[in-house]
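Visitor: Structure provided below as structure tokens; questions to follow.
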Amino acid sequence: MRLTTLRNRASEPLFAVFIATGLLLSVLGVLAWRFATPSLRTEHLGIQPPPPPPAEDGKTGYMWVVEGYSYFDAPHWFPATAWFLIVGTAVAIAVSATLNATGWQLSRDTGGRKLVLPLALSIFGAAYGLAVAVVGKIWPPTFYSVVLPEPRDPQNPYPESAIIHFDLEPNPITFTATGLAVGLVAAALLHVRNYSLTRTN
């Protein structure tokens, strides 16, 4: 019983480091997905646009006139933030459990293998960054075209289209590089504190 307790306590720093790194990657991931993922997906809210009229020769479009006002709204934070945090934490726990099951522990040991921790954290970060880019390609963020009738809301009569976008294309490369950098920075901070991965069996 005491041996099991000691093993559990010895594995705590390993889980803590990877979970903290996973949470940081999750926060950066949802920011990258929301602000740096290109998307043409638009959902119409409020007054819905009518179906287009039958096409006629020589005409390329039609005009839709509404007695009201419109604005664009940015992608919603929820439930995307929850999904990123859940996945990031779950993957971090899975990676920590795998390392722990194969005999690796995080400790202040000058005799530990110095390259294993940077390698593990950088692979974890790079893989998470690439996953964010893939998720953004499959499930891009949704922007909202809001059309509301008069009278306007007296509390917010002139809503602004608060849409911010940063062009970081190609995302698979930039997101992967960012995740890699996060992993390396985390490893460097631990290295300064003389932490390294050691194998117990």
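Each chain in the structure tokens gets a letter, A, B and so on, in the order shown; residues start at 1 in every chain, and ligands are counted from 1 in the order they appear.
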With segment 177-188 of chain A as the partner and 8 Å as the cut-off, tabulate the residues of segment 108-154 of chain A that qualify, each row holding the nearest pair of atoms and their distance in Å to one decimal, using only C-alpha atoms, sorted by chain and rising number, as a tab-separated table.

Guide:
```
residue	atom	partner	partner_atom	distance
A:Leu117	CA	A:Ala187	CA	6.4
A:Pro118	CA	A:Ala187	CA	5.0
A:Leu121	CA	A:Gly183	CA	4.6
A:Ser122	CA	A:Gly183	CA	4.2
A:Ile123	CA	A:Leu180	CA	6.7
A:Phe124	CA	A:Gly183	CA	7.0
A:Gly125	CA	A:Gly179	CA	4.1
A:Ala126	CA	A:Leu180	CA	4.3
A:Ala127	CA	A:Gly179	CA	7.3
A:Tyr128	CA	A:Gly179	CA	6.4
A:Gly129	CA	A:Gly179	CA	4.8
A:Leu130	CA	A:Gly179	CA	7.9
```

Visitor: Once you have the residues from the selection above, write them out as a PDB file, in the first residue's frame, restricted to C-alpha atoms.

Guide:
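Everything below was put into selection04.pdb:
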```
ATOM      1  CA  LEU A 117      11.411  15.926 -21.716  1.00  0.00           C
ATOM      2  CA  PRO A 118      11.923  18.542 -24.492  1.00  0.00           C
ATOM      3  CA  LEU A 121       6.675  18.257 -24.781  1.00  0.00           C
ATOM      4  CA  SER A 122       7.596  19.491 -28.264  1.00  0.00           C
ATOM      5  CA  ILE A 123       5.923  16.501 -29.939  1.00  0.00           C
ATOM      6  CA  PHE A 124       2.861  17.034 -27.749  1.00  0.00           C
ATOM      7  CA  GLY A 125       2.734  20.748 -28.619  1.00  0.00           C
ATOM      8  CA  ALA A 126       3.359  20.268 -32.333  1.00  0.00           C
ATOM      9  CA  ALA A 127       0.727  17.528 -32.580  1.00  0.00           C
ATOM     10  CA  TYR A 128      -1.826  19.698 -30.792  1.00  0.00           C
ATOM     11  CA  GLY A 129      -1.081  22.666 -33.053  1.00  0.00           C
ATOM     12  CA  LEU A 130      -1.501  20.527 -36.159  1.00  0.00           C
TER      13      LEU A 130
END
```

Visitor: Select, from A:Pro13, A:Pro52, A:Pro79, A:Gly46, the residue with the minimum atom-to-atom distance to Pro149 of chain A, counting only C-alpha atoms.

Guide: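 Closest residue, counting only C-alpha atoms: A:Gly46.
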
Visitor: Between A:Leu25, A:Ala55, A:Ala16, A:Ala32, single out the one closest to Pro140 of chain A, counting only C-alpha atoms.

Guide: A:Ala32

Visitor: I want to know what sits within 8 Å of His44 of chain A, based on only C-alpha atoms, with residues of the same chain fewer than 5 positions away left out; could you give that as a VMD selection string?

Guide: chain A and resid 49 144 to 147

Visitor: Please produce a file of those selected residues containing all heavy atoms, as a short mmCIF file (atom, residue, chain, number, x, y, z; two decimals), in the first residue's frame.

Guide:
```
data_model
loop_
_atom_site.label_atom_id
_atom_site.label_comp_id
_atom_site.auth_asym_id
_atom_site.auth_seq_id
_atom_site.Cartn_x
_atom_site.Cartn_y
_atom_site.Cartn_z
N PRO A 49 -33.23 35.88 -45.02
CA PRO A 49 -33.29 36.33 -46.42
C PRO A 49 -34.27 35.47 -47.21
O PRO A 49 -34.37 34.26 -46.99
CB PRO A 49 -31.86 36.13 -46.91
CG PRO A 49 -31.30 35.06 -46.02
CD PRO A 49 -31.94 35.26 -44.69
N TYR A 144 -21.87 35.26 -37.94
CA TYR A 144 -23.32 35.46 -37.88
C TYR A 144 -23.70 36.78 -38.54
O TYR A 144 -23.18 37.84 -38.20
CB TYR A 144 -23.80 35.44 -36.43
CG TYR A 144 -23.53 34.12 -35.76
CD1 TYR A 144 -22.33 33.90 -35.06
CD2 TYR A 144 -24.43 33.08 -35.84
CE1 TYR A 144 -22.06 32.68 -34.47
CE2 TYR A 144 -24.16 31.85 -35.25
CZ TYR A 144 -22.98 31.65 -34.56
OH TYR A 144 -22.70 30.45 -33.98
N SER A 145 -24.61 36.66 -39.51
CA SER A 145 -25.19 37.84 -40.16
C SER A 145 -26.53 38.11 -39.49
O SER A 145 -27.49 37.34 -39.66
CB SER A 145 -25.37 37.58 -41.66
OG SER A 145 -26.03 38.68 -42.27
N VAL A 146 -26.59 39.17 -38.72
CA VAL A 146 -27.77 39.47 -37.91
C VAL A 146 -28.55 40.61 -38.57
O VAL A 146 -28.01 41.69 -38.83
CB VAL A 146 -27.37 39.87 -36.47
CG1 VAL A 146 -28.61 40.05 -35.61
CG2 VAL A 146 -26.44 38.81 -35.88
N VAL A 147 -29.81 40.36 -38.85
CA VAL A 147 -30.70 41.38 -39.42
C VAL A 147 -31.90 41.50 -38.50
O VAL A 147 -32.65 40.53 -38.32
CB VAL A 147 -31.15 41.01 -40.84
CG1 VAL A 147 -32.05 42.11 -41.40
CG2 VAL A 147 -29.95 40.79 -41.75
#
```

Visitor: Quote the spacing between atom CA of Lys137 of chain A and atom CA of Trp33 of chain A in Å to one decimal place.

Guide: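 Atom CA of Trp33 of chain A lies 9.6 Å from atom CA of Lys137 of chain A.
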
Visitor: Could you name the residues that touch segment 154-167 of chain A at 6 Å or less, counting only C-alpha atoms, but leaving out those on the same chain fewer than 3 positions away, as a ChimeraX atom specification?

Guide: /A:35-36,71-74

Visitor: Using the selection just defined, write its residues with C-alpha atoms as a compact mmCIF listing (two decimals), in the first residue's frame.

Guide:
```txt
# COMPACT_ATOMS: atom_id res chain seq x y z
CA PHE A 35 -9.18 34.58 -34.76
CA ALA A 36 -6.85 32.97 -37.31
CA TYR A 71 -24.46 43.76 -38.49
CA PHE A 72 -22.03 40.84 -38.42
CA ASP A 73 -21.21 39.00 -35.24
CA ALA A 74 -18.04 37.04 -34.49
```

Visitor: According to DSSP computed on the backbone, where in segment 26-158 of chain A is there strand (DSSP E or B)? Give the residues as an mmCIF file with N, CA, C and O atoms, in the first residue's frame.

Guide:
```
data_model
loop_
_atom_site.group_PDB
_atom_site.id
_atom_site.type_symbol
_atom_site.label_atom_id
_atom_site.label_comp_id
_atom_site.auth_asym_id
_atom_site.auth_seq_id
_atom_site.Cartn_x
_atom_site.Cartn_y
_atom_site.Cartn_z
ATOM 1 N N THR A 42 -21.415 31.092 -42.710
ATOM 2 C CA THR A 42 -22.219 32.191 -42.170
ATOM 3 C C THR A 42 -23.612 31.685 -41.834
ATOM 4 O O THR A 42 -24.216 30.957 -42.613
ATOM 5 N N GLU A 43 -24.085 32.080 -40.675
ATOM 6 C CA GLU A 43 -25.445 31.742 -40.260
ATOM 7 C C GLU A 43 -26.246 33.029 -40.142
ATOM 8 O O GLU A 43 -25.794 34.002 -39.547
ATOM 9 N N HIS A 44 -27.430 33.029 -40.739
ATOM 10 C CA HIS A 44 -28.290 34.211 -40.727
ATOM 11 C C HIS A 44 -29.208 34.164 -39.504
ATOM 12 O O HIS A 44 -29.896 33.164 -39.276
ATOM 13 N N LEU A 45 -29.199 35.247 -38.744
ATOM 14 C CA LEU A 45 -30.040 35.366 -37.563
ATOM 15 C C LEU A 45 -31.007 36.528 -37.737
ATOM 16 O O LEU A 45 -30.723 37.483 -38.462
ATOM 17 N N GLY A 46 -32.141 36.450 -37.036
ATOM 18 C CA GLY A 46 -33.125 37.516 -37.143
ATOM 19 C C GLY A 46 -33.990 37.330 -38.378
ATOM 20 O O GLY A 46 -34.484 36.232 -38.654
ATOM 21 N N GLY A 68 -34.976 47.656 -41.528
ATOM 22 C CA GLY A 68 -34.341 47.319 -40.275
ATOM 23 C C GLY A 68 -32.866 47.666 -40.320
ATOM 24 O O GLY A 68 -32.447 48.570 -41.047
ATOM 25 N N TYR A 69 -32.067 46.946 -39.574
ATOM 26 C CA TYR A 69 -30.620 47.200 -39.541
ATOM 27 C C TYR A 69 -29.903 45.851 -39.430
ATOM 28 O O TYR A 69 -30.486 44.838 -39.011
ATOM 29 N N SER A 70 -28.640 45.842 -39.827
ATOM 30 C CA SER A 70 -27.892 44.582 -39.844
ATOM 31 C C SER A 70 -26.470 44.813 -39.344
ATOM 32 O O SER A 70 -25.946 45.925 -39.391
ATOM 33 N N TYR A 71 -25.871 43.737 -38.891
ATOM 34 C CA TYR A 71 -24.462 43.756 -38.491
ATOM 35 C C TYR A 71 -23.952 42.314 -38.494
ATOM 36 O O TYR A 71 -24.745 41.351 -38.535
ATOM 37 N N PHE A 72 -22.632 42.165 -38.472
ATOM 38 C CA PHE A 72 -22.026 40.839 -38.425
ATOM 39 C C PHE A 72 -21.489 40.587 -37.026
ATOM 40 O O PHE A 72 -20.921 41.477 -36.400
ATOM 41 N N ASP A 73 -21.679 39.365 -36.570
ATOM 42 C CA ASP A 73 -21.205 38.999 -35.239
ATOM 43 C C ASP A 73 -20.136 37.920 -35.364
ATOM 44 O O ASP A 73 -20.180 37.078 -36.259
ATOM 45 N N TRP A 104 8.457 6.328 -16.805
ATOM 46 C CA TRP A 104 9.055 7.662 -16.789
ATOM 47 C C TRP A 104 8.459 8.494 -15.670
ATOM 48 O O TRP A 104 7.251 8.475 -15.428
ATOM 49 N N GLN A 105 9.312 9.262 -14.995
ATOM 50 C CA GLN A 105 8.893 10.180 -13.949
ATOM 51 C C GLN A 105 9.627 11.501 -14.102
ATOM 52 O O GLN A 105 10.754 11.541 -14.604
ATOM 53 N N LEU A 106 8.963 12.557 -13.670
ATOM 54 C CA LEU A 106 9.581 13.880 -13.701
ATOM 55 C C LEU A 106 10.148 14.188 -12.330
ATOM 56 O O LEU A 106 9.433 14.135 -11.326
ATOM 57 N N SER A 107 11.421 14.515 -12.271
ATOM 58 C CA SER A 107 12.049 14.790 -10.977
ATOM 59 C C SER A 107 13.261 15.685 -11.162
ATOM 60 O O SER A 107 13.761 15.854 -12.288
ATOM 61 N N ARG A 108 13.717 16.234 -10.056
ATOM 62 C CA ARG A 108 14.942 17.036 -10.067
ATOM 63 C C ARG A 108 16.126 16.082 -9.913
ATOM 64 O O ARG A 108 16.580 15.810 -8.807
ATOM 65 N N ARG A 113 17.591 11.946 -18.216
ATOM 66 C CA ARG A 113 17.831 12.110 -19.643
ATOM 67 C C ARG A 113 17.302 13.480 -20.084
ATOM 68 O O ARG A 113 16.095 13.702 -20.138
ATOM 69 N N PHE A 143 -19.562 32.574 -38.562
ATOM 70 C CA PHE A 143 -19.867 33.990 -38.383
ATOM 71 C C PHE A 143 -21.374 34.182 -38.523
ATOM 72 O O PHE A 143 -22.061 33.381 -39.161
ATOM 73 N N TYR A 144 -21.869 35.256 -37.941
ATOM 74 C CA TYR A 144 -23.315 35.457 -37.883
ATOM 75 C C TYR A 144 -23.703 36.776 -38.544
ATOM 76 O O TYR A 144 -23.176 37.836 -38.200
ATOM 77 N N SER A 145 -24.609 36.663 -39.506
ATOM 78 C CA SER A 145 -25.187 37.837 -40.156
ATOM 79 C C SER A 145 -26.535 38.112 -39.489
ATOM 80 O O SER A 145 -27.491 37.343 -39.661
ATOM 81 N N VAL A 146 -26.585 39.175 -38.721
ATOM 82 C CA VAL A 146 -27.772 39.470 -37.909
ATOM 83 C C VAL A 146 -28.552 40.608 -38.568
ATOM 84 O O VAL A 146 -28.010 41.686 -38.825
ATOM 85 N N VAL A 147 -29.807 40.362 -38.847
ATOM 86 C CA VAL A 147 -30.697 41.380 -39.417
ATOM 87 C C VAL A 147 -31.904 41.496 -38.501
ATOM 88 O O VAL A 147 -32.650 40.528 -38.315
ATOM 89 N N LEU A 148 -32.099 42.679 -37.907
ATOM 90 C CA LEU A 148 -33.177 42.894 -36.951
ATOM 91 C C LEU A 148 -34.072 44.049 -37.408
ATOM 92 O O LEU A 148 -33.600 45.009 -38.023
ATOM 93 N N PRO A 149 -35.359 43.958 -37.116
ATOM 94 C CA PRO A 149 -36.281 45.033 -37.513
ATOM 95 C C PRO A 149 -36.192 46.213 -36.565
ATOM 96 O O PRO A 149 -35.733 46.098 -35.427
#
```

Visitor: Ranking A:Leu119, A:Pro172, A:His191, A:Phe15 by minimum distance to Thr98 of chain A and counting only C-alpha atoms, which one comes first?

Guide: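 Of all the options, A:Phe15 lies closest to Thr98 of chain A.
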
Visitor: Rounded to one decimal in Å, what is the spacing between atom CA of Leu197 of chain A and atom CA of Gly22 of chain A?

Guide: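 Distance between the two atoms: 17.8 Å.
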
Visitor: Given the choices A:Ala97, A:Val91, A:Met63, A:Ala133, which gets closest to Leu31 of chain A if the distance is worked out from only C-alpha atoms?

Guide: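 Distance minimum relative to Leu31 of chain A lands on A:Ala133.
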
Visitor: Give me the residues near Phe18 of chain A as a PDB file with all heavy atoms, in the first residue's frame, where near means some atom within 9 Å (using only C-alpha atoms) and where sequence neighbours in that chain fewer than 6 positions away do not count.

Guide:
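Written file, around-v8.pdb:
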```
ATOM      1  N   THR A  89      -6.948  18.725 -22.179  1.00  0.00           N
ATOM      2  CA  THR A  89      -6.705  18.082 -20.884  1.00  0.00           C
ATOM      3  C   THR A  89      -6.693  16.570 -21.009  1.00  0.00           C
ATOM      4  O   THR A  89      -5.846  15.884 -20.420  1.00  0.00           O
ATOM      5  CB  THR A  89      -7.777  18.517 -19.873  1.00  0.00           C
ATOM      6  OG1 THR A  89      -7.797  19.953 -19.783  1.00  0.00           O
ATOM      7  CG2 THR A  89      -7.497  17.936 -18.502  1.00  0.00           C
ATOM      8  N   ALA A  92      -3.497  15.414 -22.649  1.00  0.00           N
ATOM      9  CA  ALA A  92      -2.383  15.572 -21.707  1.00  0.00           C
ATOM     10  C   ALA A  92      -2.378  14.451 -20.678  1.00  0.00           C
ATOM     11  O   ALA A  92      -1.323  13.895 -20.342  1.00  0.00           O
ATOM     12  CB  ALA A  92      -2.474  16.926 -21.008  1.00  0.00           C
ATOM     13  N   ILE A  93      -3.556  14.088 -20.176  1.00  0.00           N
ATOM     14  CA  ILE A  93      -3.639  12.991 -19.211  1.00  0.00           C
ATOM     15  C   ILE A  93      -3.234  11.673 -19.860  1.00  0.00           C
ATOM     16  O   ILE A  93      -2.522  10.854 -19.261  1.00  0.00           O
ATOM     17  CB  ILE A  93      -5.065  12.903 -18.630  1.00  0.00           C
ATOM     18  CG1 ILE A  93      -5.348  14.139 -17.756  1.00  0.00           C
ATOM     19  CG2 ILE A  93      -5.247  11.627 -17.818  1.00  0.00           C
ATOM     20  CD1 ILE A  93      -6.772  14.223 -17.252  1.00  0.00           C
ATOM     21  N   VAL A  95      -1.188  11.236 -22.448  1.00  0.00           N
ATOM     22  CA  VAL A  95       0.261  11.224 -22.661  1.00  0.00           C
ATOM     23  C   VAL A  95       0.991  10.986 -21.347  1.00  0.00           C
ATOM     24  O   VAL A  95       1.944  10.184 -21.277  1.00  0.00           O
ATOM     25  CB  VAL A  95       0.727  12.542 -23.311  1.00  0.00           C
ATOM     26  CG1 VAL A  95       2.246  12.615 -23.360  1.00  0.00           C
ATOM     27  CG2 VAL A  95       0.151  12.673 -24.715  1.00  0.00           C
ATOM     28  N   SER A  96       0.551  11.655 -20.285  1.00  0.00           N
ATOM     29  CA  SER A  96       1.184  11.478 -18.969  1.00  0.00           C
ATOM     30  C   SER A  96       1.041  10.045 -18.485  1.00  0.00           C
ATOM     31  O   SER A  96       1.988   9.461 -17.957  1.00  0.00           O
ATOM     32  CB  SER A  96       0.552  12.433 -17.950  1.00  0.00           C
ATOM     33  OG  SER A  96       0.651  13.778 -18.381  1.00  0.00           O
ATOM     34  N   LEU A 121       7.514  17.053 -24.801  1.00  0.00           N
ATOM     35  CA  LEU A 121       6.675  18.257 -24.781  1.00  0.00           C
ATOM     36  C   LEU A 121       6.564  18.901 -26.160  1.00  0.00           C
ATOM     37  O   LEU A 121       5.499  19.406 -26.533  1.00  0.00           O
ATOM     38  CB  LEU A 121       7.236  19.264 -23.772  1.00  0.00           C
ATOM     39  CG  LEU A 121       7.009  18.923 -22.296  1.00  0.00           C
ATOM     40  CD1 LEU A 121       7.781  19.881 -21.402  1.00  0.00           C
ATOM     41  CD2 LEU A 121       5.524  18.974 -21.958  1.00  0.00           C
ATOM     42  N   PHE A 124       4.216  16.779 -28.239  1.00  0.00           N
ATOM     43  CA  PHE A 124       2.861  17.034 -27.749  1.00  0.00           C
ATOM     44  C   PHE A 124       2.341  18.373 -28.273  1.00  0.00           C
ATOM     45  O   PHE A 124       1.218  18.466 -28.792  1.00  0.00           O
ATOM     46  CB  PHE A 124       2.870  17.012 -26.218  1.00  0.00           C
ATOM     47  CG  PHE A 124       1.561  17.368 -25.579  1.00  0.00           C
ATOM     48  CD1 PHE A 124       0.361  16.896 -26.079  1.00  0.00           C
ATOM     49  CD2 PHE A 124       1.533  18.182 -24.452  1.00  0.00           C
ATOM     50  CE1 PHE A 124      -0.849  17.227 -25.476  1.00  0.00           C
ATOM     51  CE2 PHE A 124       0.335  18.517 -23.846  1.00  0.00           C
ATOM     52  CZ  PHE A 124      -0.853  18.033 -24.363  1.00  0.00           C
TER      53      PHE A 124
END
```

Visitor: For Phe84 of chain A, which of A:Ile47, A:Ala131, A:Leu40, A:Val30 is the closest residue, counting only C-alpha atoms?

Guide: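 Among the listed residues, A:Val30 lies closest to Phe84 of chain A.
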
Visitor: Name the closest residue to Gln48 of chain A among the candidates A:Ala82, A:Val65, A:Leu189, A:Leu99; distances are taken between atoms, counting only C-alpha atoms.

Guide: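 For Gln48 of chain A, the nearest of the candidates is A:Val65.
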